[in-house]
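Undergrad: So here's upload-v4.cif, just mmCIF, C-alpha atoms:
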```
data_my_file
loop_
_atom_site.label_atom_id
_atom_site.label_comp_id
_atom_site.auth_asym_id
_atom_site.auth_seq_id
_atom_site.Cartn_x
_atom_site.Cartn_y
_atom_site.Cartn_z
CA MET A 1 -4.49 -5.53 -55.11
CA ASN A 2 -3.46 -4.61 -58.63
CA GLU A 3 -2.39 -1.26 -59.98
CA SER A 4 -5.79 -0.54 -61.49
CA ASP A 5 -7.51 -1.03 -58.11
CA GLU A 6 -4.99 1.27 -56.51
CA ARG A 7 -5.75 3.94 -59.12
CA VAL A 8 -9.48 3.69 -58.36
CA ARG A 9 -8.82 4.13 -54.66
CA ASP A 10 -6.49 7.02 -55.25
CA LEU A 11 -9.09 8.73 -57.44
CA VAL A 12 -11.80 8.23 -54.81
CA ARG A 13 -9.54 9.61 -52.10
CA ARG A 14 -8.68 12.68 -54.14
CA ALA A 15 -12.18 13.27 -55.49
CA ILE A 16 -14.18 12.85 -52.30
CA GLY A 17 -11.91 13.50 -49.34
CA PRO A 18 -12.73 13.16 -45.64
CA PRO A 19 -15.45 15.28 -43.98
CA ALA A 20 -14.29 18.87 -43.58
CA ASP A 21 -15.15 18.94 -39.90
CA PRO A 22 -15.85 15.74 -38.00
CA GLU A 23 -16.17 17.62 -34.71
CA LEU A 24 -19.51 17.79 -32.94
CA LYS A 25 -20.63 21.41 -32.89
CA ARG A 26 -23.12 21.28 -30.04
CA ASP A 27 -24.14 19.33 -27.01
CA LEU A 28 -26.69 16.68 -27.95
CA TRP A 29 -27.69 15.93 -24.36
CA PRO A 30 -30.84 18.14 -24.47
CA ARG A 31 -32.10 16.06 -27.42
CA MET A 32 -31.16 12.86 -25.66
CA ARG A 33 -32.95 14.05 -22.52
CA ALA A 34 -36.07 14.82 -24.57
CA ARG A 35 -35.91 11.36 -26.10
CA LEU A 36 -35.61 9.73 -22.69
CA ASP A 37 -38.50 11.77 -21.31
CA ALA A 38 -40.79 11.10 -24.27
CA PRO A 39 -43.71 8.85 -23.39
CA PRO A 40 -43.43 5.36 -24.85
CA VAL A 41 -45.27 4.76 -28.10
CA ARG A 42 -48.59 3.11 -27.35
CA VAL A 43 -49.95 0.49 -29.71
CA PRO A 44 -53.65 1.23 -30.39
CA TRP A 45 -56.06 -1.43 -29.11
CA TRP A 46 -57.33 -2.15 -32.64
CA ASP A 47 -53.81 -3.16 -33.69
CA TRP A 48 -53.77 -5.72 -30.89
CA ALA A 49 -57.25 -6.84 -31.94
CA LEU A 50 -56.12 -7.24 -35.55
CA ALA A 51 -53.05 -9.22 -34.49
CA ALA A 52 -55.22 -11.45 -32.31
CA ALA A 53 -57.64 -12.00 -35.19
CA VAL A 54 -54.78 -13.01 -37.48
CA VAL A 55 -53.45 -15.47 -34.89
CA VAL A 56 -56.92 -16.96 -34.40
CA CYS A 57 -57.35 -17.32 -38.17
CA LEU A 58 -53.96 -18.99 -38.54
CA LEU A 59 -54.78 -21.40 -35.71
CA ALA A 60 -58.11 -22.18 -37.30
CA PHE A 61 -56.65 -22.59 -40.81
CA PRO A 62 -53.00 -23.70 -40.42
CA ALA A 63 -52.85 -24.55 -44.12
CA ALA A 64 -52.93 -20.80 -44.78
CA ILE A 65 -49.64 -20.20 -42.92
CA PRO A 66 -47.34 -20.81 -45.96
CA ALA A 67 -49.47 -18.47 -48.07
CA VAL A 68 -49.28 -15.75 -45.40
CA LEU A 69 -45.53 -16.20 -45.03
CA TYR A 70 -45.14 -15.97 -48.79
CA GLN A 71 -46.90 -12.61 -48.79
CA LEU A 72 -44.60 -11.14 -46.11
CA MET B 73 -9.97 1.14 -17.17
CA THR B 74 -9.75 3.50 -14.17
CA GLU B 75 -11.71 2.81 -11.02
CA THR B 76 -13.98 5.78 -11.61
CA ALA B 77 -14.72 4.72 -15.19
CA ALA B 78 -15.49 1.19 -14.01
CA GLU B 79 -17.83 2.57 -11.36
CA VAL B 80 -19.64 4.70 -13.93
CA LEU B 81 -20.08 1.66 -16.17
CA GLU B 82 -21.40 -0.42 -13.31
CA GLN B 83 -23.82 2.30 -12.30
CA PHE B 84 -24.93 2.66 -15.92
CA ALA B 85 -25.57 -1.07 -16.20
CA ARG B 86 -27.69 -0.84 -13.05
CA GLY B 87 -29.78 1.87 -14.74
CA ASP B 88 -28.36 4.97 -13.09
CA ALA B 89 -29.43 8.01 -15.14
CA GLU B 90 -26.53 10.17 -14.02
CA ALA B 91 -24.03 7.53 -15.09
CA PHE B 92 -25.71 7.39 -18.48
CA GLU B 93 -25.48 11.16 -18.79
CA ALA B 94 -21.79 11.02 -17.87
CA LEU B 95 -21.18 8.39 -20.55
CA PHE B 96 -23.19 10.35 -23.08
CA ARG B 97 -21.21 13.51 -22.45
CA GLN B 98 -17.93 11.64 -22.57
CA TYR B 99 -18.59 9.74 -25.79
CA GLN B 100 -21.06 11.79 -27.83
CA GLY B 101 -18.31 13.60 -29.74
CA GLU B 102 -16.49 10.39 -30.51
CA VAL B 103 -19.62 8.59 -31.68
CA TYR B 104 -20.64 11.58 -33.80
CA GLY B 105 -17.15 11.81 -35.32
CA TRP B 106 -17.26 8.15 -36.29
CA VAL B 107 -20.78 8.30 -37.72
CA VAL B 108 -20.20 11.47 -39.73
CA ARG B 109 -17.24 9.81 -41.40
CA ILE B 110 -19.54 7.08 -42.64
CA VAL B 111 -22.73 8.97 -43.51
CA ARG B 112 -21.00 12.28 -44.41
CA ASP B 113 -24.02 14.30 -43.39
CA PRO B 114 -23.72 16.30 -40.13
CA ALA B 115 -27.48 16.51 -39.46
CA ALA B 116 -27.99 12.78 -40.02
CA ALA B 117 -24.91 12.05 -37.91
CA GLU B 118 -26.43 14.00 -35.01
CA ASP B 119 -29.68 12.05 -35.29
CA LEU B 120 -27.80 8.78 -35.47
CA THR B 121 -25.68 9.70 -32.46
CA VAL B 122 -28.80 10.26 -30.36
CA GLU B 123 -30.31 7.05 -31.72
CA THR B 124 -27.11 5.17 -30.84
CA PHE B 125 -27.28 6.30 -27.25
CA TRP B 126 -31.01 5.59 -27.11
CA ARG B 127 -30.30 1.99 -28.09
CA ILE B 128 -27.43 1.85 -25.63
CA TYR B 129 -29.76 3.05 -22.91
CA ARG B 130 -32.39 0.45 -23.76
CA ALA B 131 -29.76 -2.31 -23.80
CA ARG B 132 -28.05 -1.22 -20.56
CA ALA B 133 -29.19 -4.29 -18.65
CA ARG B 134 -27.36 -6.51 -21.13
CA PHE B 135 -24.13 -4.53 -20.90
CA ASP B 136 -21.31 -6.21 -19.01
CA PRO B 137 -19.52 -3.45 -17.04
CA ARG B 138 -16.26 -5.40 -17.25
CA CYS B 139 -16.25 -4.84 -21.01
CA GLU B 140 -15.25 -1.65 -22.73
CA PHE B 141 -17.94 0.84 -23.58
CA ARG B 142 -16.28 2.40 -26.63
CA PRO B 143 -16.27 -0.65 -28.98
CA TRP B 144 -19.85 -1.48 -28.01
CA ALA B 145 -21.03 2.04 -28.74
CA ARG B 146 -19.09 2.15 -31.99
CA ARG B 147 -20.59 -1.14 -33.14
CA ILE B 148 -24.12 0.09 -32.51
CA ALA B 149 -23.35 3.40 -34.19
CA THR B 150 -21.86 1.65 -37.22
CA ASN B 151 -24.90 -0.60 -37.64
CA LEU B 152 -27.15 2.44 -37.53
CA ALA B 153 -24.97 4.31 -40.00
CA VAL B 154 -25.02 1.40 -42.44
CA GLY B 155 -28.79 1.21 -42.02
CA HIS B 156 -28.99 4.91 -42.79
CA LEU B 157 -26.94 4.44 -45.96
CA SER B 158 -29.19 1.63 -47.08
CA GLY B 159 -32.23 3.82 -46.65
CA ARG B 160 -33.53 2.34 -43.42
CA ARG B 161 -34.11 5.26 -41.10
CA PRO B 162 -34.20 4.83 -37.32
CA GLU B 163 -37.32 5.98 -35.49
CA THR B 164 -35.90 9.36 -34.64
CA GLU B 165 -37.81 12.55 -34.92
CA PHE B 166 -35.45 14.51 -37.11
CA SER B 167 -34.61 17.73 -35.41
CA ASP B 168 -36.03 20.94 -36.78
CA ASP B 169 -33.36 23.06 -35.16
CA ALA B 170 -30.47 21.28 -36.80
CA PRO B 171 -28.59 23.25 -39.43
CA PRO B 172 -29.53 21.89 -42.85
CA ALA B 173 -25.97 20.94 -43.61
CA ARG B 174 -25.30 18.32 -46.25
CA VAL B 175 -22.06 16.54 -47.05
CA CYS B 176 -19.17 18.87 -46.51
CA SER B 177 -15.87 17.38 -47.47
CA SER B 178 -12.43 18.82 -47.21
CA PRO B 179 -11.38 20.81 -50.26
CA PRO B 180 -10.90 18.21 -52.99
CA ASP B 181 -7.73 17.80 -54.97
CA PRO B 182 -7.73 20.63 -57.57
CA ALA B 183 -6.12 18.24 -60.03
CA VAL B 184 -9.44 16.35 -60.17
CA SER B 185 -12.01 18.17 -62.30
CA ALA B 186 -15.48 18.94 -60.97
CA ASP B 187 -16.97 16.61 -63.56
CA VAL B 188 -14.84 13.69 -62.43
CA ARG B 189 -15.58 14.46 -58.77
CA GLU B 190 -19.30 14.36 -59.48
CA LYS B 191 -18.99 11.07 -61.33
CA VAL B 192 -16.90 9.53 -58.58
CA ALA B 193 -19.36 10.72 -55.93
CA ALA B 194 -22.28 9.35 -57.96
CA ALA B 195 -20.55 6.00 -58.41
CA PHE B 196 -19.77 5.89 -54.71
CA GLU B 197 -23.38 6.59 -53.74
CA LYS B 198 -24.54 3.71 -55.90
CA LEU B 199 -22.53 1.19 -53.89
CA PRO B 200 -24.51 -1.14 -51.61
CA ALA B 201 -24.54 0.27 -48.06
CA LYS B 202 -22.29 -2.37 -46.51
CA LEU B 203 -19.67 -1.98 -49.22
CA ARG B 204 -19.97 1.78 -49.10
CA ALA B 205 -19.38 1.95 -45.36
CA ALA B 206 -16.33 -0.29 -45.58
CA ALA B 207 -15.02 1.58 -48.64
CA THR B 208 -15.54 5.01 -47.04
CA LEU B 209 -13.63 4.02 -43.93
CA ALA B 210 -10.87 2.19 -45.80
CA MET B 211 -10.36 4.33 -48.89
CA ILE B 212 -11.21 7.82 -47.74
CA GLU B 213 -10.60 7.74 -44.00
CA GLU B 214 -7.74 5.26 -44.28
CA THR B 215 -8.94 3.50 -41.14
CA PRO B 216 -7.09 0.24 -40.40
CA TYR B 217 -8.97 -2.85 -41.57
CA ALA B 218 -8.96 -4.38 -38.09
CA GLU B 219 -10.67 -1.29 -36.69
CA ILE B 220 -13.27 -1.33 -39.47
CA GLY B 221 -13.87 -5.04 -38.86
CA ALA B 222 -14.41 -4.48 -35.14
CA ALA B 223 -16.92 -1.70 -35.85
CA LEU B 224 -18.80 -3.67 -38.47
CA GLY B 225 -18.65 -6.91 -36.50
CA ILE B 226 -16.84 -8.78 -39.27
CA SER B 227 -13.36 -10.21 -39.73
CA THR B 228 -10.46 -8.32 -41.27
CA ALA B 229 -10.63 -10.69 -44.25
CA ALA B 230 -14.29 -9.81 -44.73
CA VAL B 231 -13.42 -6.10 -44.67
CA LYS B 232 -10.77 -6.67 -47.34
CA SER B 233 -13.33 -8.56 -49.40
CA ARG B 234 -15.87 -5.74 -49.14
CA VAL B 235 -13.31 -3.11 -50.08
CA PHE B 236 -12.17 -5.27 -53.00
CA ARG B 237 -15.74 -5.68 -54.26
CA ALA B 238 -16.41 -1.97 -53.80
CA THR B 239 -13.31 -1.12 -55.80
CA ARG B 240 -14.39 -3.41 -58.64
CA LEU B 241 -17.91 -1.94 -58.69
CA LEU B 242 -16.53 1.58 -58.61
CA ARG B 243 -14.20 0.90 -61.50
CA ARG B 244 -17.04 -0.56 -63.55
CA SER B 245 -19.28 2.45 -62.78
CA LEU B 246 -16.54 4.93 -63.56
CA ILE B 247 -15.69 3.29 -66.86
CA GLY B 248 -19.41 3.30 -67.68
CA ALA B 249 -19.49 7.02 -66.91
CA GLY B 250 -16.53 7.68 -69.16
CA VAL B 251 -13.91 8.10 -66.45
CA GLU B 252 -10.80 6.02 -66.92
CA PRO B 253 -9.33 5.44 -63.46
#
```
As a first step, turn the structure in this file into structure tokens.

TA:
Amino acid sequence: MNESDERVRDLVRRAIGPPADPELKRDLWPRMRARLDAPPVRVPWWDWALAAAVVVCLLAFPAAIPAVLYQL
Amino acid sequence: MTETAAEVLEQFARGDAEAFEALFRQYQGEVYGWVVRIVRDPAAAEDLTVETFWRIYRARARFDPRCEFRPWARRIATNLAVGHLSGRRPETEFSDDAPPARVCSSPPDPAVSADVREKVAAAFEKLPAKLRAAATLAMIEETPYAEIGAALGISTAAVKSRVFRATRLLRRSLIGAGVEP
């Protein structure tokens, strides 16, 4: 590391500085509990239907696979 | 690892909710403290801490209780923090009761003018997320490279490389902004 790099780092250190308070101010367990108790996200049936339709189309027209991949 | 801690880890791996709560309470402060150093935003750090433990909970069956919990949790937290910096947000519902606190750093060096501080901060924010995370931990937090490497899942040499590239990009940005480092 040259002197110029060291000056950049020193400037960053002096200009930004570490977070004033890295301590957690409150218990996050209630939020975690709520997250654990939340019902799982359900995928709507039409999304499954759409995915199935895409798979069927790709099986029927395999030549379209590269074009579909290109669009992703 | 004490016998009790090993038991808690084994119970957690078997899916015991109380063991998970014990681990959460034991490590939430540490995970938060690590994440807030990277993202520098207390509200986001809280969200990412909960998200970290959510992912830990979902992956409990894959956890080997003979291994240490801390490095595993830190690795997950670091990945999420880097994702946050790069603009990818986890699927958390951001809390409405969180204080709207934004980056709050220690009092900066008075020898550095406000203008220069702003330019340095702007240059820093422009860094790619992976470089920014490594640079934050190395330059500002002065975390040992080996520790950064373990958290990011890369070698010490790769950390050095990222910090080196970040330094070069920062210097270029600062010179472009009229700040001679």

Undergrad: Distance CA of Val68 in chain A-CA of Val43 in chain A, one decimal place?

TA: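 Result for CA of Val68 in chain A versus CA of Val43 in chain A: 22.6 Å, one decimal.
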
Undergrad: Enter the distance from CA of Gly155 in chain B to CA of Ile212 in chain B, in Å, rounded to one decimal.

TA: 19.6 Å

Undergrad: Return as a PDB file with C-alpha atoms, in the coordinates of the input the residues belonging to chain A that are within 12 Å of chain B, counting only C-alpha atoms.

TA:
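Contents of part.pdb, as written:
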```
ATOM      1  CA  MET A   1      -4.490  -5.530 -55.110  1.00  0.00           C
ATOM      2  CA  ASN A   2      -3.460  -4.610 -58.630  1.00  0.00           C
ATOM      3  CA  GLU A   3      -2.390  -1.260 -59.980  1.00  0.00           C
ATOM      4  CA  SER A   4      -5.790  -0.540 -61.490  1.00  0.00           C
ATOM      5  CA  ASP A   5      -7.510  -1.030 -58.110  1.00  0.00           C
ATOM      6  CA  GLU A   6      -4.990   1.270 -56.510  1.00  0.00           C
ATOM      7  CA  ARG A   7      -5.750   3.940 -59.120  1.00  0.00           C
ATOM      8  CA  VAL A   8      -9.480   3.690 -58.360  1.00  0.00           C
ATOM      9  CA  ARG A   9      -8.820   4.130 -54.660  1.00  0.00           C
ATOM     10  CA  ASP A  10      -6.490   7.020 -55.250  1.00  0.00           C
ATOM     11  CA  LEU A  11      -9.090   8.730 -57.440  1.00  0.00           C
ATOM     12  CA  VAL A  12     -11.800   8.230 -54.810  1.00  0.00           C
ATOM     13  CA  ARG A  13      -9.540   9.610 -52.100  1.00  0.00           C
ATOM     14  CA  ARG A  14      -8.680  12.680 -54.140  1.00  0.00           C
ATOM     15  CA  ALA A  15     -12.180  13.270 -55.490  1.00  0.00           C
ATOM     16  CA  ILE A  16     -14.180  12.850 -52.300  1.00  0.00           C
ATOM     17  CA  GLY A  17     -11.910  13.500 -49.340  1.00  0.00           C
ATOM     18  CA  PRO A  18     -12.730  13.160 -45.640  1.00  0.00           C
ATOM     19  CA  PRO A  19     -15.450  15.280 -43.980  1.00  0.00           C
ATOM     20  CA  ALA A  20     -14.290  18.870 -43.580  1.00  0.00           C
ATOM     21  CA  ASP A  21     -15.150  18.940 -39.900  1.00  0.00           C
ATOM     22  CA  PRO A  22     -15.850  15.740 -38.000  1.00  0.00           C
ATOM     23  CA  GLU A  23     -16.170  17.620 -34.710  1.00  0.00           C
ATOM     24  CA  LEU A  24     -19.510  17.790 -32.940  1.00  0.00           C
ATOM     25  CA  LYS A  25     -20.630  21.410 -32.890  1.00  0.00           C
ATOM     26  CA  ARG A  26     -23.120  21.280 -30.040  1.00  0.00           C
ATOM     27  CA  ASP A  27     -24.140  19.330 -27.010  1.00  0.00           C
ATOM     28  CA  LEU A  28     -26.690  16.680 -27.950  1.00  0.00           C
ATOM     29  CA  TRP A  29     -27.690  15.930 -24.360  1.00  0.00           C
ATOM     30  CA  PRO A  30     -30.840  18.140 -24.470  1.00  0.00           C
ATOM     31  CA  ARG A  31     -32.100  16.060 -27.420  1.00  0.00           C
ATOM     32  CA  MET A  32     -31.160  12.860 -25.660  1.00  0.00           C
ATOM     33  CA  ARG A  33     -32.950  14.050 -22.520  1.00  0.00           C
ATOM     34  CA  ALA A  34     -36.070  14.820 -24.570  1.00  0.00           C
ATOM     35  CA  ARG A  35     -35.910  11.360 -26.100  1.00  0.00           C
ATOM     36  CA  LEU A  36     -35.610   9.730 -22.690  1.00  0.00           C
ATOM     37  CA  ASP A  37     -38.500  11.770 -21.310  1.00  0.00           C
ATOM     38  CA  ALA A  38     -40.790  11.100 -24.270  1.00  0.00           C
ATOM     39  CA  VAL A  41     -45.270   4.760 -28.100  1.00  0.00           C
TER      40      VAL A  41
END
```

Undergrad: Using the chain letters and numbers from the file, give me the residues hit by the PyMOL selection byres ((chain B and resi 224) around 8), as a PyMOL selection string.

TA: chain B and resi 147+150-151+220-223+225-226

Undergrad: Report, in Å to a single decimal, how far apart CA of Glu197 in chain B and CA of Ile247 in chain B are.

TA: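 According to the coordinates, CA of Ile247 in chain B and CA of Glu197 in chain B are separated by 15.6 Å.
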
Undergrad: Residues near Ile148 in chain B, anyone? I mean within 8 Å using only C-alpha atoms, not counting same-chain ones fewer than 3 positions away, as a PyMOL selection string.

TA: chain B and resi 124+127-128+144-145+151-152
